[in-house]
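Note: the block below is query-v9.cif and it holds mmCIF, C-alpha atoms, pLDDT in the B column; chains and numbers go by the auth columns.
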```
data_my_file
#
loop_
_atom_site.group_PDB
_atom_site.id
_atom_site.type_symbol
_atom_site.label_atom_id
_atom_site.label_comp_id
_atom_site.label_asym_id
_atom_site.label_seq_id
_atom_site.Cartn_x
_atom_site.Cartn_y
_atom_site.Cartn_z
_atom_site.B_iso_or_equiv
_atom_site.auth_seq_id
_atom_site.auth_asym_id
ATOM 1 C CA MET A 1 100.857 84.885 107.052 43.00 1 A
ATOM 2 C CA LYS A 2 101.712 88.486 108.023 40.00 2 A
ATOM 3 C CA LYS A 3 99.462 89.867 105.291 35.00 3 A
ATOM 4 C CA LEU A 4 96.616 87.715 106.584 34.00 4 A
ATOM 5 C CA LEU A 5 97.136 88.991 110.140 38.00 5 A
ATOM 6 C CA ILE A 6 97.198 92.602 108.932 35.00 6 A
ATOM 7 C CA LEU A 7 94.003 92.072 106.948 33.00 7 A
ATOM 8 C CA LEU A 8 92.287 90.377 109.878 37.00 8 A
ATOM 9 C CA SER A 9 93.399 93.092 112.256 41.00 9 A
ATOM 10 C CA THR A 10 92.131 95.830 109.951 36.00 10 A
ATOM 11 C CA VAL A 11 88.744 94.236 109.485 35.00 11 A
ATOM 12 C CA THR A 12 88.517 93.532 113.211 41.00 12 A
ATOM 13 C CA ALA A 13 89.122 97.171 114.014 39.00 13 A
ATOM 14 C CA LEU A 14 86.493 98.281 111.534 35.00 14 A
ATOM 15 C CA LEU A 15 83.942 95.836 112.901 38.00 15 A
ATOM 16 C CA PHE A 16 84.578 96.988 116.461 40.00 16 A
ATOM 17 C CA THR A 17 83.555 100.516 115.564 38.00 17 A
ATOM 18 C CA GLY A 18 79.883 99.588 115.080 42.00 18 A
ATOM 19 C CA CYS A 19 77.096 101.602 116.644 41.00 19 A
ATOM 20 C CA SER A 20 75.304 100.655 119.814 40.00 20 A
ATOM 21 C CA ASN A 21 72.349 98.347 119.452 44.00 21 A
ATOM 22 C CA LYS A 22 69.157 100.300 120.201 53.00 22 A
ATOM 23 C CA GLU A 23 67.279 97.113 121.175 70.00 23 A
ATOM 24 C CA HIS A 24 69.131 96.823 124.495 75.00 24 A
ATOM 25 C CA ALA A 25 69.658 98.962 127.538 83.00 25 A
ATOM 26 C CA PRO A 26 73.099 100.556 127.783 92.00 26 A
ATOM 27 C CA LEU A 27 75.737 97.957 128.589 96.00 27 A
ATOM 28 C CA ALA A 28 77.049 98.259 132.139 96.00 28 A
ATOM 29 C CA THR A 29 80.683 97.579 132.940 97.00 29 A
ATOM 30 C CA VAL A 30 82.334 96.576 136.178 98.00 30 A
ATOM 31 C CA GLU A 31 82.855 99.373 138.687 98.00 31 A
ATOM 32 C CA LYS A 32 86.658 99.440 138.584 98.00 32 A
ATOM 33 C CA VAL A 33 89.504 97.425 137.013 98.00 33 A
ATOM 34 C CA ASN A 34 92.992 97.320 138.474 97.00 34 A
ATOM 35 C CA LEU A 35 95.013 97.128 135.276 96.00 35 A
ATOM 36 C CA GLU A 36 98.063 95.767 137.106 96.00 36 A
ATOM 37 C CA ARG A 37 95.986 92.769 138.218 98.00 37 A
ATOM 38 C CA TYR A 38 94.481 92.390 134.747 98.00 38 A
ATOM 39 C CA LEU A 39 97.902 91.956 133.139 98.00 39 A
ATOM 40 C CA GLY A 40 99.079 88.501 132.138 98.00 40 A
ATOM 41 C CA THR A 41 97.621 85.687 130.092 98.00 41 A
ATOM 42 C CA TRP A 42 93.922 84.952 129.633 98.00 42 A
ATOM 43 C CA TYR A 43 92.508 81.841 127.943 97.00 43 A
ATOM 44 C CA GLU A 44 89.452 82.096 125.740 97.00 44 A
ATOM 45 C CA ILE A 45 86.677 79.870 127.075 98.00 45 A
ATOM 46 C CA ALA A 46 83.812 81.039 124.855 98.00 46 A
ATOM 47 C CA ARG A 47 83.041 83.729 122.288 97.00 47 A
ATOM 48 C CA TYR A 48 80.667 84.852 119.609 97.00 48 A
ATOM 49 C CA ASP A 49 81.694 83.627 116.176 94.00 49 A
ATOM 50 C CA GLN A 50 84.040 86.017 114.395 90.00 50 A
ATOM 51 C CA PHE A 51 85.702 85.192 111.101 86.00 51 A
ATOM 52 C CA PHE A 52 89.127 86.289 112.360 83.00 52 A
ATOM 53 C CA GLU A 53 89.074 83.511 114.976 92.00 53 A
ATOM 54 C CA ARG A 54 87.553 80.746 112.880 91.00 54 A
ATOM 55 C CA GLY A 55 89.615 77.599 112.930 92.00 55 A
ATOM 56 C CA CYS A 56 91.545 78.746 115.991 95.00 56 A
ATOM 57 C CA SER A 57 92.115 76.635 119.070 96.00 57 A
ATOM 58 C CA ASN A 58 94.149 77.276 122.209 96.00 58 A
ATOM 59 C CA ILE A 59 93.366 80.966 122.033 97.00 59 A
ATOM 60 C CA THR A 60 95.117 83.263 124.497 97.00 60 A
ATOM 61 C CA ALA A 61 95.479 86.990 125.018 97.00 61 A
ATOM 62 C CA THR A 62 98.448 88.265 126.994 98.00 62 A
ATOM 63 C CA TYR A 63 98.365 91.818 128.323 98.00 63 A
ATOM 64 C CA SER A 64 101.440 93.765 129.411 98.00 64 A
ATOM 65 C CA LEU A 65 101.929 97.382 130.436 96.00 65 A
ATOM 66 C CA LYS A 66 103.961 99.641 128.197 95.00 66 A
ATOM 67 C CA GLU A 67 106.062 102.575 129.435 94.00 67 A
ATOM 68 C CA ASP A 68 103.383 105.046 128.326 92.00 68 A
ATOM 69 C CA LYS A 69 100.829 103.213 130.537 89.00 69 A
ATOM 70 C CA THR A 70 98.965 101.758 127.564 94.00 70 A
ATOM 71 C CA LEU A 71 98.560 98.024 127.177 97.00 71 A
ATOM 72 C CA LYS A 72 100.292 95.732 124.721 98.00 72 A
ATOM 73 C CA ILE A 73 98.157 92.764 123.652 97.00 73 A
ATOM 74 C CA LEU A 74 99.548 89.567 122.197 97.00 74 A
ATOM 75 C CA ASN A 75 96.804 87.311 120.827 96.00 75 A
ATOM 76 C CA ARG A 76 97.795 83.753 119.974 96.00 76 A
ATOM 77 C CA CYS A 77 96.046 80.697 118.654 96.00 77 A
ATOM 78 C CA THR A 78 96.765 77.460 116.902 95.00 78 A
ATOM 79 C CA LYS A 79 95.345 77.478 113.386 93.00 79 A
ATOM 80 C CA GLU A 80 95.843 74.627 110.942 90.00 80 A
ATOM 81 C CA GLY A 81 98.554 73.247 113.216 90.00 81 A
ATOM 82 C CA GLU A 82 100.574 76.468 113.269 94.00 82 A
ATOM 83 C CA LEU A 83 100.944 79.219 115.840 95.00 83 A
ATOM 84 C CA SER A 84 99.259 82.432 114.712 94.00 84 A
ATOM 85 C CA GLU A 85 99.902 85.735 116.492 95.00 85 A
ATOM 86 C CA ALA A 86 98.575 89.269 116.340 94.00 86 A
ATOM 87 C CA THR A 87 99.892 92.183 118.396 96.00 87 A
ATOM 88 C CA GLY A 88 97.671 95.057 119.410 96.00 88 A
ATOM 89 C CA LYS A 89 97.407 97.904 121.839 97.00 89 A
ATOM 90 C CA ALA A 90 94.785 99.260 124.191 97.00 90 A
ATOM 91 C CA TYR A 91 94.120 102.201 126.453 97.00 91 A
ATOM 92 C CA ALA A 92 91.534 102.943 129.122 96.00 92 A
ATOM 93 C CA ASP A 93 88.688 105.100 127.841 94.00 93 A
ATOM 94 C CA ASP A 94 87.650 106.244 131.319 94.00 94 A
ATOM 95 C CA GLU A 95 88.894 106.383 134.902 96.00 95 A
ATOM 96 C CA THR A 96 87.318 103.017 135.808 97.00 96 A
ATOM 97 C CA ASN A 97 89.623 101.151 133.371 97.00 97 A
ATOM 98 C CA SER A 98 86.601 98.984 132.522 98.00 98 A
ATOM 99 C CA LYS A 99 86.093 100.511 129.071 98.00 99 A
ATOM 100 C CA LEU A 100 89.110 99.923 126.905 97.00 100 A
ATOM 101 C CA LYS A 101 89.781 100.948 123.331 97.00 101 A
ATOM 102 C CA VAL A 102 91.656 98.238 121.416 96.00 102 A
ATOM 103 C CA SER A 103 93.491 98.354 118.107 95.00 103 A
ATOM 104 C CA PHE A 104 95.326 95.746 116.098 91.00 104 A
ATOM 105 C CA PHE A 105 95.983 98.032 113.167 84.00 105 A
ATOM 106 C CA GLY A 106 96.651 101.719 112.827 81.00 106 A
ATOM 107 C CA PRO A 107 94.310 104.379 114.092 88.00 107 A
ATOM 108 C CA PHE A 108 91.219 102.141 114.215 91.00 108 A
ATOM 109 C CA TYR A 109 90.065 101.344 117.754 95.00 109 A
ATOM 110 C CA GLY A 110 87.160 99.245 118.950 94.00 110 A
ATOM 111 C CA ASP A 111 85.337 98.868 122.224 96.00 111 A
ATOM 112 C CA TYR A 112 86.477 96.258 124.745 97.00 112 A
ATOM 113 C CA TRP A 113 84.245 96.566 127.776 98.00 113 A
ATOM 114 C CA ILE A 114 84.809 94.458 130.871 98.00 114 A
ATOM 115 C CA ILE A 115 81.268 93.587 131.933 98.00 115 A
ATOM 116 C CA MET A 116 82.073 90.915 134.536 98.00 116 A
ATOM 117 C CA LEU A 117 85.263 90.374 136.488 98.00 117 A
ATOM 118 C CA ASP A 118 85.890 87.952 139.311 97.00 118 A
ATOM 119 C CA GLU A 119 87.161 89.546 142.537 97.00 119 A
ATOM 120 C CA GLU A 120 90.281 87.384 142.258 98.00 120 A
ATOM 121 C CA TYR A 121 90.686 88.235 138.557 98.00 121 A
ATOM 122 C CA SER A 122 90.302 84.546 137.698 98.00 122 A
ATOM 123 C CA TYR A 123 87.782 85.232 134.936 98.00 123 A
ATOM 124 C CA ALA A 124 86.597 88.179 132.871 98.00 124 A
ATOM 125 C CA VAL A 125 83.653 88.673 130.548 98.00 125 A
ATOM 126 C CA ILE A 126 84.132 91.098 127.674 98.00 126 A
ATOM 127 C CA GLY A 127 81.476 92.675 125.475 97.00 127 A
ATOM 128 C CA THR A 128 80.726 95.622 123.263 97.00 128 A
ATOM 129 C CA PRO A 129 77.782 98.035 123.423 96.00 129 A
ATOM 130 C CA SER A 130 76.574 96.735 120.035 95.00 130 A
ATOM 131 C CA ARG A 131 76.378 93.191 121.483 97.00 131 A
ATOM 132 C CA GLU A 132 78.173 91.938 118.337 95.00 132 A
ATOM 133 C CA TYR A 133 81.306 90.848 120.182 95.00 133 A
ATOM 134 C CA PHE A 134 81.581 88.725 123.288 98.00 134 A
ATOM 135 C CA TRP A 135 84.259 86.710 125.082 98.00 135 A
ATOM 136 C CA ILE A 136 84.554 84.720 128.294 98.00 136 A
ATOM 137 C CA LEU A 137 88.165 84.616 129.480 98.00 137 A
ATOM 138 C CA SER A 138 89.836 82.642 132.245 98.00 138 A
ATOM 139 C CA ARG A 139 93.270 82.548 133.806 98.00 139 A
ATOM 140 C CA THR A 140 93.271 78.783 133.224 96.00 140 A
ATOM 141 C CA PRO A 141 92.547 76.788 130.048 96.00 141 A
ATOM 142 C CA LYS A 142 89.450 75.240 131.648 96.00 142 A
ATOM 143 C CA MET A 143 86.735 76.898 133.706 97.00 143 A
ATOM 144 C CA GLU A 144 84.758 75.227 136.454 97.00 144 A
ATOM 145 C CA LYS A 145 81.280 74.270 135.264 97.00 145 A
ATOM 146 C CA GLU A 146 79.463 76.127 138.053 98.00 146 A
ATOM 147 C CA THR A 147 81.396 79.334 137.306 98.00 147 A
ATOM 148 C CA LEU A 148 80.617 79.096 133.599 98.00 148 A
ATOM 149 C CA ASP A 149 76.963 78.293 134.310 98.00 149 A
ATOM 150 C CA SER A 150 76.722 81.340 136.582 98.00 150 A
ATOM 151 C CA ILE A 151 78.096 83.588 133.823 98.00 151 A
ATOM 152 C CA LEU A 152 75.816 82.064 131.185 98.00 152 A
ATOM 153 C CA GLU A 153 72.776 82.565 133.388 98.00 153 A
ATOM 154 C CA LYS A 154 73.365 86.347 133.398 97.00 154 A
ATOM 155 C CA LEU A 155 73.821 86.797 129.650 97.00 155 A
ATOM 156 C CA PRO A 156 70.185 87.266 128.555 96.00 156 A
ATOM 157 C CA SER A 157 69.717 90.160 131.007 95.00 157 A
ATOM 158 C CA LEU A 158 72.767 91.828 129.420 96.00 158 A
ATOM 159 C CA GLY A 159 71.413 91.447 125.897 96.00 159 A
ATOM 160 C CA TYR A 160 73.604 88.503 124.870 97.00 160 A
ATOM 161 C CA ASP A 161 72.335 85.277 123.327 97.00 161 A
ATOM 162 C CA LYS A 162 74.138 82.323 124.892 95.00 162 A
ATOM 163 C CA SER A 163 73.038 80.061 122.022 96.00 163 A
ATOM 164 C CA LYS A 164 75.460 81.988 119.779 97.00 164 A
ATOM 165 C CA LEU A 165 78.487 81.024 121.856 98.00 165 A
ATOM 166 C CA ILE A 166 81.340 78.988 120.452 96.00 166 A
ATOM 167 C CA TYR A 167 83.573 77.020 122.812 97.00 167 A
ATOM 168 C CA PRO A 168 86.996 76.650 121.161 96.00 168 A
ATOM 169 C CA VAL A 169 89.286 73.736 121.939 94.00 169 A
ATOM 170 C CA GLN A 170 91.405 74.897 124.827 91.00 170 A
ATOM 171 C CA ASP A 171 94.036 72.452 125.992 82.00 171 A
ATOM 172 C CA GLY A 172 96.593 75.014 127.145 63.00 172 A
ATOM 173 C CA LYS A 173 98.959 74.596 124.188 62.00 173 A
ATOM 174 C CA PRO A 174 99.089 77.930 122.335 55.00 174 A
#
```
As structure tokens, how would this structure be written, given the file I've shared?
Amino acid sequence: MKKLLILLSTVTALLFTGCSNKEHAPLATVEKVNLERYLGTWYEIARYDQFFERGCSNITATYSLKEDKTLKILNRCTKEGELSEATGKAYADDETNSKLKVSFFGPFYGDYWIIMLDEEYSYAVIGTPSREYFWILSRTPKMEKETLDSILEKLPSLGYDKSKLIYPVQDGKP
């Protein structure tokens, strides 16, 4: 299991390092992120398909602040009836804290841009400049339909195809 997680983390990091997609305007991020408020557990509501998450349900990401002011990330999911975990790290790439660099293995870091964030930090939308990666996260296992619809409505203008989204089972039991 550990070898699988290391392999998945390595490949994930390599995939994150892709170039920006020239077909789209530059991806805008939120103006400012208060990392203290961003800490805690987020539930995955929707995402683009990625092999490292296939077969996963009850997907969560828990962020905590380390002494050096970087973030520790604990990703969890249920896969084939078993709990699967991967631990990573992240740091802010600029003063807004909206552009993070994330790594789950060694020196390889990928983009993690916060492109939408509720004022109450109840949901976040994450993307990458290449438009190859995308997540909708919520503080609760379920998101209100009107909130999700509002997010989905904005995706085409950001260069994301909502027909590519996968909605994993999320019953709050990581």
Would you list the residues near (90.8, 73.6, 121.6) (no more than 6 Å away, in the coordinates of the file, using all atoms listed in the file) as a compact mmCIF listing (two decimals) with C-alpha atoms, in the frame of the given file?
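This is the output file point.txt:
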```txt
# COMPACT_ATOMS: atom_id res chain seq x y z
CA SER A 57 92.12 76.64 119.07
CA ASN A 58 94.15 77.28 122.21
CA PRO A 168 87.00 76.65 121.16
CA VAL A 169 89.29 73.74 121.94
CA GLN A 170 91.40 74.90 124.83
CA ASP A 171 94.04 72.45 125.99
```
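Here the question is which of A:Leu165, A:Ile151, A:Met116, A:Leu158 gets nearest to A:Val33 using all atoms listed in the file, and that residue is A:Met116.
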Spatial neighbours of A:Lys89, max dist 12 Å, all atoms listed in the file, sep filter under 5 positions, as a PyMOL selection string: chain A and resi 9+13+61-66+68-75+100-110+112
Hits from the PyMOL selection byres ((chain A and resi 147) around 12), listed as a ChimeraX atom specification: /A:45,116-118,122-125,136-138,142-146,148-154
Atoms to include: C-alpha atoms. Write the selected residues as a CSV table (one decimal), in the coordinates of the input.
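So selection_34.csv came out as:
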```
chain,number,residue,atom,x,y,z
A,45,ILE,CA,86.7,79.9,127.1
A,116,MET,CA,82.1,90.9,134.5
A,117,LEU,CA,85.3,90.4,136.5
A,118,ASP,CA,85.9,88.0,139.3
A,122,SER,CA,90.3,84.5,137.7
A,123,TYR,CA,87.8,85.2,134.9
A,124,ALA,CA,86.6,88.2,132.9
A,125,VAL,CA,83.7,88.7,130.5
A,136,ILE,CA,84.6,84.7,128.3
A,137,LEU,CA,88.2,84.6,129.5
A,138,SER,CA,89.8,82.6,132.2
A,142,LYS,CA,89.4,75.2,131.6
A,143,MET,CA,86.7,76.9,133.7
A,144,GLU,CA,84.8,75.2,136.5
A,145,LYS,CA,81.3,74.3,135.3
A,146,GLU,CA,79.5,76.1,138.1
A,148,LEU,CA,80.6,79.1,133.6
A,149,ASP,CA,77.0,78.3,134.3
A,150,SER,CA,76.7,81.3,136.6
A,151,ILE,CA,78.1,83.6,133.8
A,152,LEU,CA,75.8,82.1,131.2
A,153,GLU,CA,72.8,82.6,133.4
A,154,LYS,CA,73.4,86.3,133.4
```
For A:Tyr38: contacts at 7 Å, all atoms listed in the file, fewer than 3 positions along chain excluded, given as a short mmCIF file (atom, residue, chain, number, x, y, z; two decimals) with C-alpha atoms, keeping the file's coordinate frame:
```
data_model
loop_
_atom_site.label_atom_id
_atom_site.label_comp_id
_atom_site.auth_asym_id
_atom_site.auth_seq_id
_atom_site.Cartn_x
_atom_site.Cartn_y
_atom_site.Cartn_z
CA ASN A 34 92.99 97.32 138.47
CA LEU A 35 95.01 97.13 135.28
CA TYR A 121 90.69 88.24 138.56
#
```
Distance in Å - atom CA of A:Thr96 versus atom CA of A:Lys32: 4.6 Å
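In terms of minimum interatomic distance to A:Asp94, A:Asp111 ranks closest within A:Asp161, A:Asp111, A:Glu53, A:Glu120, counting all atoms listed in the file.
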Length of the atom CA of A:Arg54 to atom CA of A:Tyr160 vector [Å]: 20.0 Å
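For the pair atom CA of A:Gly40 and atom CA of A:Cys56, the interatomic distance is 20.3 Å.
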Residue members of the PyMOL selection byres ((chain A and resi 29) around 9) in the file shown, as a PyMOL selection string: chain A and resi 27-28+30-32+98-99+113-116+127
Can you report as JSON the centre and edge lengths in Å, to one decimal, of an axis-aligned box around the listed atoms of stretch 72-76 of chain A padded with 8 Å on each side?
```
{"center_x": 98.5, "center_y": 89.7, "center_z": 122.3, "size_x": 19.5, "size_y": 28.0, "size_z": 20.7}
```
Selected residue of minimal separation from A:Trp42 among A:Thr60, A:Ser130, A:Ser157, A:Ser163, counting only C-alpha atoms: A:Thr60
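Distance check against A:Tyr48 using only C-alpha atoms: of A:Glu119, A:Phe134, A:Gly159, A:Glu82, the minimum falls on A:Phe134.
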